[in-house]
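So this one's entry_14.cif, mmCIF, C-alpha atoms:
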data_model
#
loop_
_atom_site.label_atom_id
_atom_site.label_comp_id
_atom_site.auth_asym_id
_atom_site.auth_seq_id
_atom_site.Cartn_x
_atom_site.Cartn_y
_atom_site.Cartn_z
CA MET A 886 35.09 102.83 20.12
CA ASP A 887 33.76 103.87 23.57
CA GLN A 888 30.28 102.45 23.14
CA PRO A 889 29.24 99.27 21.29
CA ASP A 890 27.69 99.73 17.86
CA PRO A 891 23.95 99.59 18.76
CA THR A 892 23.05 97.94 15.44
CA ILE A 893 25.36 94.97 16.04
CA HIS A 894 25.02 94.92 19.82
CA GLN A 895 21.97 92.68 19.82
CA PRO A 896 22.38 88.89 20.14
CA ILE A 897 20.51 87.83 16.97
CA ARG A 898 22.03 90.56 14.81
CA LEU A 899 25.46 89.71 16.18
CA LYS A 900 24.97 86.08 15.13
CA ILE A 901 23.72 87.13 11.69
CA MET A 902 26.83 89.26 11.20
CA ALA A 903 29.11 86.45 12.43
CA ALA A 904 27.48 83.93 10.06
CA LEU A 905 27.79 86.29 7.07
CA LYS A 906 31.37 87.24 7.92
CA VAL A 907 32.53 83.67 7.23
CA MET A 908 31.32 83.82 3.63
CA PRO A 909 33.86 84.84 0.96
CA GLU A 910 33.53 88.57 0.24
CA GLY A 911 30.40 89.38 -1.77
CA GLU A 912 29.07 85.83 -1.57
CA PRO A 913 25.56 85.66 -0.12
CA LEU A 914 24.05 83.15 2.29
CA GLU A 915 20.56 81.81 1.72
CA PHE A 916 17.91 82.96 4.18
CA VAL A 917 16.91 79.38 5.07
CA ARG A 918 20.49 78.41 5.91
CA LEU A 919 20.96 81.60 7.90
CA LYS A 920 17.81 80.76 9.85
CA THR A 921 19.24 77.35 10.80
CA ILE A 922 22.66 78.74 11.72
CA VAL A 923 21.31 81.60 13.84
CA GLY A 924 18.44 79.59 15.33
CA ALA A 925 15.86 82.35 14.93
CA THR A 926 12.27 82.28 13.73
CA GLU A 927 11.55 83.43 10.18
CA GLY A 928 9.81 86.65 11.22
CA ASN A 929 12.41 87.54 13.81
CA LEU A 930 15.27 86.91 11.41
CA GLY A 931 13.58 88.96 8.67
CA ALA A 932 13.12 91.92 11.01
CA HIS A 933 16.76 91.88 12.14
CA ILE A 934 18.02 91.55 8.57
CA GLY A 935 15.87 94.60 7.75
CA THR A 936 17.62 96.56 10.51
CA LEU A 937 21.05 95.52 9.24
CA GLU A 938 20.06 96.42 5.69
CA SER A 939 18.83 99.87 6.78
CA ALA A 940 22.17 100.45 8.52
CA GLY A 941 23.99 99.53 5.28
CA TYR A 942 25.59 96.46 6.89
CA ALA A 943 23.80 93.79 4.85
CA SER A 944 22.42 93.54 1.33
CA VAL A 945 19.44 91.40 0.42
CA THR A 946 18.78 89.89 -3.02
CA LYS A 947 15.59 88.11 -4.01
CA ASP A 948 15.46 85.85 -7.06
CA PHE A 949 14.26 82.44 -8.20
CA ASN A 950 16.19 79.20 -7.97
CA GLY A 951 14.32 77.27 -10.65
CA LYS A 952 10.72 77.88 -9.66
CA LYS A 953 11.41 78.45 -5.97
CA PRO A 954 11.71 82.00 -4.67
CA ARG A 955 15.01 82.57 -2.89
CA THR A 956 16.23 85.28 -0.55
CA ARG A 957 19.94 85.71 -0.03
CA VAL A 958 21.83 87.95 2.35
CA ALA A 959 25.42 89.19 2.14
CA LEU A 960 27.60 91.40 4.28
CA THR A 961 28.51 94.76 2.73
CA LYS A 962 31.99 96.25 3.00
CA ASP A 963 30.71 98.67 5.66
CA GLY A 964 29.15 95.75 7.52
CA ARG A 965 32.37 93.75 7.43
CA ARG A 966 34.33 96.73 8.78
CA ALA A 967 31.74 97.46 11.48
CA PHE A 968 31.77 93.82 12.60
CA GLU A 969 35.58 93.75 12.77
CA ASP A 970 35.52 96.97 14.82
CA TYR A 971 32.91 95.47 17.14
CA VAL A 972 34.98 92.29 17.69
CA ALA A 973 38.07 94.42 18.37
CA TYR A 974 35.99 96.43 20.87
CA LEU A 975 34.96 93.21 22.70
CA ARG A 976 38.56 91.97 22.76
CA ASP A 977 39.72 95.29 24.18
CA ILE A 978 37.19 94.97 27.01
CA ILE A 979 38.42 91.48 27.87
CA GLY A 980 42.03 92.66 27.68
CA ALA A 981 41.22 95.61 29.95
CA GLY A 982 39.42 93.29 32.37
CA ASP A 983 42.38 90.92 32.50
CA THR A 984 44.75 93.84 33.17
CA ALA A 985 42.51 95.14 35.96
CA GLN A 986 42.31 91.67 37.57
CA GLY A 987 46.07 91.19 37.27
CA SER A 988 46.91 94.53 38.96
CA MET B 309 25.71 101.28 27.92
CA PRO B 310 29.14 99.84 28.77
CA VAL B 311 29.79 96.14 28.28
CA SER B 312 31.33 94.14 31.13
CA PRO B 313 34.25 91.74 30.50
CA SER B 314 32.02 88.69 31.11
CA GLU B 315 29.40 89.97 28.63
CA ALA B 316 32.17 90.59 26.11
CA ALA B 317 33.49 87.05 26.64
CA ASP B 318 29.97 85.60 26.14
CA ALA B 319 29.52 87.62 22.95
CA LEU B 320 32.88 86.44 21.59
CA ARG B 321 31.93 82.83 22.39
CA ASP B 322 28.63 83.28 20.50
CA ILE B 323 30.50 84.75 17.56
CA SER B 324 32.95 81.86 17.50
CA GLN B 325 30.19 79.20 17.65
CA THR B 326 28.16 80.91 14.93
CA GLU B 327 31.19 81.27 12.68
CA ARG B 328 31.93 77.56 13.08
CA ARG B 329 28.34 76.63 12.17
CA SER B 330 28.37 78.97 9.20
CA PHE B 331 31.72 77.60 8.03
CA SER B 332 30.32 74.04 8.12
CA ALA B 333 27.13 75.08 6.33
CA TYR B 334 29.16 76.79 3.60
CA GLY B 335 31.33 73.68 3.22
CA TYR B 336 28.27 71.42 3.00
CA LYS B 337 26.59 73.65 0.42
CA SER B 338 29.73 73.81 -1.73
CA ALA B 339 30.45 70.08 -1.47
CA ALA B 340 26.94 68.76 -2.15
CA PRO B 341 26.91 69.08 -5.98
CA GLN B 342 30.52 67.87 -6.12
CA LEU B 343 29.64 64.69 -4.24
CA ILE B 344 26.68 64.02 -6.50
CA LEU B 345 28.88 64.50 -9.58
CA TRP B 346 31.61 62.20 -8.26
CA GLY B 347 29.05 59.62 -7.16
CA LEU B 348 27.79 59.39 -10.75
CA LEU B 349 31.35 59.24 -12.14
CA TRP B 350 32.30 56.64 -9.55
CA PHE B 351 29.34 54.52 -10.66
CA LEU B 352 30.37 54.90 -14.33
CA GLY B 353 34.02 54.09 -13.53
CA TYR B 354 33.41 50.89 -11.60
CA SER B 355 30.63 49.62 -13.85
CA GLY B 356 32.79 50.45 -16.91
CA THR B 357 35.67 48.51 -15.36
CA TYR B 358 33.29 45.60 -14.76
CA LEU B 359 31.93 45.66 -18.32
CA VAL B 360 35.16 46.41 -20.26
CA PRO B 361 38.13 45.27 -18.14
CA PRO B 362 40.85 45.95 -20.78
CA ALA B 363 39.83 49.62 -20.94
CA THR B 364 40.09 50.18 -17.18
CA ASN B 365 43.05 52.62 -17.26
CA TRP B 366 41.52 54.73 -20.05
CA ILE B 367 38.11 54.77 -18.38
CA TRP B 368 39.54 56.10 -15.12
CA LEU B 369 41.87 58.58 -16.79
CA ALA B 370 38.93 60.00 -18.77
CA ILE B 371 36.74 60.06 -15.67
CA VAL B 372 39.29 61.91 -13.52
CA ILE B 373 40.04 64.52 -16.24
CA PHE B 374 36.35 65.03 -17.06
CA GLY B 375 35.47 65.06 -13.34
CA ALA B 376 38.20 67.61 -12.53
CA ALA B 377 36.91 69.96 -15.25
CA ALA B 378 33.25 69.44 -14.29
CA SER B 379 34.10 70.03 -10.60
CA ALA B 380 35.82 73.29 -11.47
CA LEU B 381 32.79 74.41 -13.50
CA ILE B 382 30.44 73.52 -10.63
CA GLY B 383 32.71 75.52 -8.32
CA MET B 384 31.87 78.62 -10.41
CA ARG B 385 28.17 78.33 -9.66
CA GLY B 386 26.81 80.33 -6.78
CA LYS B 387 29.63 82.88 -7.01
CA PRO B 388 28.57 86.51 -7.44
CA ARG B 389 28.63 87.90 -10.97
CA GLY B 390 32.09 89.11 -11.87
CA GLN B 391 33.70 86.46 -9.66
CA GLN B 392 32.58 83.49 -11.77
CA LYS B 393 35.92 82.17 -12.98
CA PHE B 394 36.91 78.63 -13.85
CA SER B 395 38.25 77.22 -10.59
CA TRP B 396 41.74 76.03 -11.48
CA ARG B 397 42.35 75.18 -7.82
CA ILE B 398 39.61 72.56 -7.86
CA PHE B 399 40.82 71.25 -11.23
CA PHE B 400 44.42 70.88 -10.05
CA THR B 401 43.34 69.44 -6.69
CA TRP B 402 41.83 66.47 -8.50
CA LEU B 403 44.81 66.13 -10.82
CA ALA B 404 47.08 66.18 -7.75
CA ALA B 405 44.95 63.41 -6.20
CA LEU B 406 45.32 61.38 -9.39
CA ALA B 407 49.07 62.03 -9.44
CA PHE B 408 49.37 60.97 -5.79
CA ILE B 409 47.54 57.69 -6.34
CA SER B 410 49.51 57.01 -9.56
CA SER B 411 52.77 57.61 -7.67
CA VAL B 412 51.74 55.21 -4.92
CA VAL B 413 50.74 52.59 -7.51
CA SER B 414 54.05 53.01 -9.36
CA ILE B 415 56.24 52.37 -6.30
CA PHE B 416 54.16 49.52 -4.84
CA SER B 417 53.40 47.69 -8.10
CA PRO B 418 52.49 45.01 -8.98
CA PHE B 419 48.95 45.62 -7.74
CA ASN B 420 45.97 43.58 -8.74
CA GLY B 421 42.81 45.31 -9.97
CA LYS B 422 40.99 44.82 -6.70
CA GLN B 423 43.78 46.46 -4.73
CA ILE B 424 43.81 49.50 -7.02
CA GLY B 425 40.03 49.57 -6.94
CA THR B 426 40.22 49.76 -3.14
CA LEU B 427 43.07 52.27 -3.00
CA PHE B 428 41.01 55.06 -4.64
CA PRO B 429 38.06 54.82 -2.24
CA LEU B 430 40.37 54.50 0.77
CA PHE B 431 42.20 57.67 -0.25
CA ILE B 432 38.94 59.55 -0.91
CA GLY B 433 37.27 58.17 2.22
CA TRP B 434 40.11 59.12 4.57
CA ALA B 435 40.40 62.52 2.88
CA TYR B 436 36.74 63.11 3.77
CA VAL B 437 37.39 62.05 7.36
CA VAL B 438 40.18 64.65 7.59
CA ILE B 439 37.93 67.30 5.98
CA GLY B 440 35.23 66.33 8.47
CA ILE B 441 37.54 66.88 11.44
CA TRP B 442 38.01 70.49 10.30
CA MET B 443 34.79 71.40 8.52
CA GLY B 444 31.85 69.38 9.77
CA TRP B 445 31.05 65.92 11.10
CA ARG B 446 28.88 64.95 8.13
CA PHE B 447 31.98 64.74 5.91
CA ALA B 448 33.64 62.42 8.45
CA ILE B 449 30.59 60.13 8.58
CA ALA B 450 30.52 59.88 4.76
CA GLY B 451 34.27 59.18 4.70
CA LEU B 452 34.03 56.40 7.28
CA VAL B 453 31.14 54.76 5.39
CA ILE B 454 33.17 54.81 2.15
CA VAL B 455 36.21 53.31 3.93
CA ALA B 456 34.05 50.61 5.55
CA LEU B 457 32.42 49.69 2.22
CA ALA B 458 35.77 49.53 0.46
CA LEU B 459 37.39 47.37 3.13
CA PHE B 460 34.39 45.06 3.41
CA GLY B 461 34.33 44.65 -0.38
CA TYR B 462 38.07 44.04 -0.51
CA PHE B 463 38.16 41.38 2.18
CA GLN B 464 34.81 39.70 1.63
CA LEU B 465 34.01 39.82 -2.10
CA ALA B 466 35.44 38.27 -5.25
CA PRO B 467 36.90 40.72 -7.85
CA ASN B 468 33.82 41.00 -10.10
CA PRO B 469 31.18 41.41 -7.39
CA PHE B 470 33.58 43.89 -5.76
CA LEU B 471 33.38 46.17 -8.82
CA LEU B 472 29.58 46.12 -8.77
CA TRP B 473 29.59 46.63 -5.00
CA MET B 474 31.73 49.75 -5.38
CA ALA B 475 29.74 50.98 -8.39
CA PHE B 476 26.36 50.81 -6.68
CA LEU B 477 27.17 51.26 -3.00
CA GLY B 478 30.27 53.48 -3.31
CA GLY B 479 28.63 55.69 -5.94
CA GLY B 480 25.35 55.57 -4.04
CA VAL B 481 26.97 56.71 -0.79
CA LEU B 482 28.54 59.72 -2.52
CA ILE B 483 25.26 60.69 -4.20
CA GLY B 484 23.31 60.11 -0.97
CA THR B 485 25.82 62.18 1.01
CA GLY B 486 25.54 64.98 -1.56
CA LEU B 487 21.76 65.03 -1.13
CA TRP B 488 22.16 64.88 2.67
CA LEU B 489 24.56 67.83 2.67
CA ARG B 490 22.27 69.84 0.40
CA ARG B 491 19.63 69.73 3.12
CA ALA B 492 22.07 70.45 5.97
#
Kindly return the structure encoded in the file as structure tokens.
Amino acid sequence: MDQPDPTIHQPIRLKIMAALKVMPEGEPLEFVRLKTIVGATEGNLGAHIGTLESAGYASVTKDFNGKKPRTRVALTKDGRRAFEDYVAYLRDIIGAGDTAQGS
Amino acid sequence: MPVSPSEAADALRDISQTERRSFSAYGYKSAAPQLILWGLLWFLGYSGTYLVPPATNWIWLAIVIFGAAASALIGMRGKPRGQQKFSWRIFFTWLAALAFISSVVSIFSPFNGKQIGTLFPLFIGWAYVVIGIWMGWRFAIAGLVIVALALFGYFQLAPNPFLLWMAFLGGGVLIGTGLWLRRA
């Protein structure tokens, strides 16, 4: 990867992906918990989740928990792979930087 | 746009912090209903021991087996469809805990009822402290409160009030912690 994935290379979206990556595969995270973890406003978080969903990196399910409406977000297989690639890309940069400083 | 090494390091730090928070939140969410369940069972166990002392062993055996099965069933909830299987790991974790405490009792016997009644909460309390060190400070706080209640009850109370103390306060702390974690 020569350039960072533009969908993930945004601080809030990066945090969303990191929070979802921890969940067991296919298991969603509730929107309200994600909001607390990421520290974003509701509108901001919703917009970024929309971007990730459009890219095929996240899936959103809406249902009811009792009488309360509930929105849950999960990482897709493509999203998981893209995030892993992005982390590897960051590690490569640090590795390259260390090598350059050492030489 | 290329990313500099310092920007990459900052991004990796953000990822690591977010993953840790998410890991704690997942642990809290999974543990909350379990704590509420075990708080209720704890209340039933200690109050049953208080009311029917000769049946103490049977009461606790039934509670641990029922609790292990109920815990495993609760563990199925929230899983995506197709992955909802009876959680044998949770079931056997509780049976292993029972086996551990029974082994300890067998080699250190004779114990009196108050000592055994304190051993369970000490084991559970310290287990939560260890879980808290790895998964989230709220577990550690709950564990320390359980340990403090058990030790206070053991050293300061007579056997019968001790059972009621553990039924109401021990069970109450577990239920309260479950509700606290649900909101975390």
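Atom CA of Lys900 of chain A is found 11.3 Å from atom CA of Thr921 of chain A.
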* Place a sphere of radius 9 Å on (29.7, 101.1, 30.3) in the file coordinates and name every protein, DNA or RNA residue with an atom inside or on its surface, counting only C-alpha atoms; give the answer as a ChimeraX atom specification. => /A:887-888 /B:309-312
Please write as a PDB file with C-alpha atoms, in the frame of the given file the full residue list that the PyMOL selection byres ((chain B) within 6 of (chain A)) yields on this file.
ATOM      1  CA  PRO B 313      34.250  91.740  30.500  1.00  0.00           C
ATOM      2  CA  ALA B 316      32.170  90.590  26.110  1.00  0.00           C
ATOM      3  CA  ILE B 323      30.500  84.750  17.560  1.00  0.00           C
ATOM      4  CA  THR B 326      28.160  80.910  14.930  1.00  0.00           C
ATOM      5  CA  GLU B 327      31.190  81.270  12.680  1.00  0.00           C
ATOM      6  CA  SER B 330      28.370  78.970   9.200  1.00  0.00           C
ATOM      7  CA  PRO B 388      28.570  86.510  -7.440  1.00  0.00           C
TER       8      PRO B 388
END
* Exactly which residues make up the result of the PyMOL selection byres ((chain B and resi 338) around 10) on this file, given as a ChimeraX atom specification? -> /B:332-337,339-343,382-383,385-386,486,489-490
Selected residues written out, C-alpha atoms, as a short mmCIF file (atom, residue, chain, number, x, y, z; two decimals), keeping the file's coordinate frame:
data_model
loop_
_atom_site.label_atom_id
_atom_site.label_comp_id
_atom_site.auth_asym_id
_atom_site.auth_seq_id
_atom_site.Cartn_x
_atom_site.Cartn_y
_atom_site.Cartn_z
CA SER B 332 30.32 74.04 8.12
CA ALA B 333 27.13 75.08 6.33
CA TYR B 334 29.16 76.79 3.60
CA GLY B 335 31.33 73.68 3.22
CA TYR B 336 28.27 71.42 3.00
CA LYS B 337 26.59 73.65 0.42
CA ALA B 339 30.45 70.08 -1.47
CA ALA B 340 26.94 68.76 -2.15
CA PRO B 341 26.91 69.08 -5.98
CA GLN B 342 30.52 67.87 -6.12
CA LEU B 343 29.64 64.69 -4.24
CA ILE B 382 30.44 73.52 -10.63
CA GLY B 383 32.71 75.52 -8.32
CA ARG B 385 28.17 78.33 -9.66
CA GLY B 386 26.81 80.33 -6.78
CA GLY B 486 25.54 64.98 -1.56
CA LEU B 489 24.56 67.83 2.67
CA ARG B 490 22.27 69.84 0.40
#
* Test item: the PyMOL selection byres ((chain B and resi 437-447) around 8) resolved as a count of residues only -> 14
* Structure fact -> Between atom CA of Leu459 of chain B and atom CA of Phe428 of chain B lies a distance of 11.5 Å
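Interatomic distance, atom CA of Trp346 of chain B against atom CA of Phe916 of chain A: 27.8 Å.
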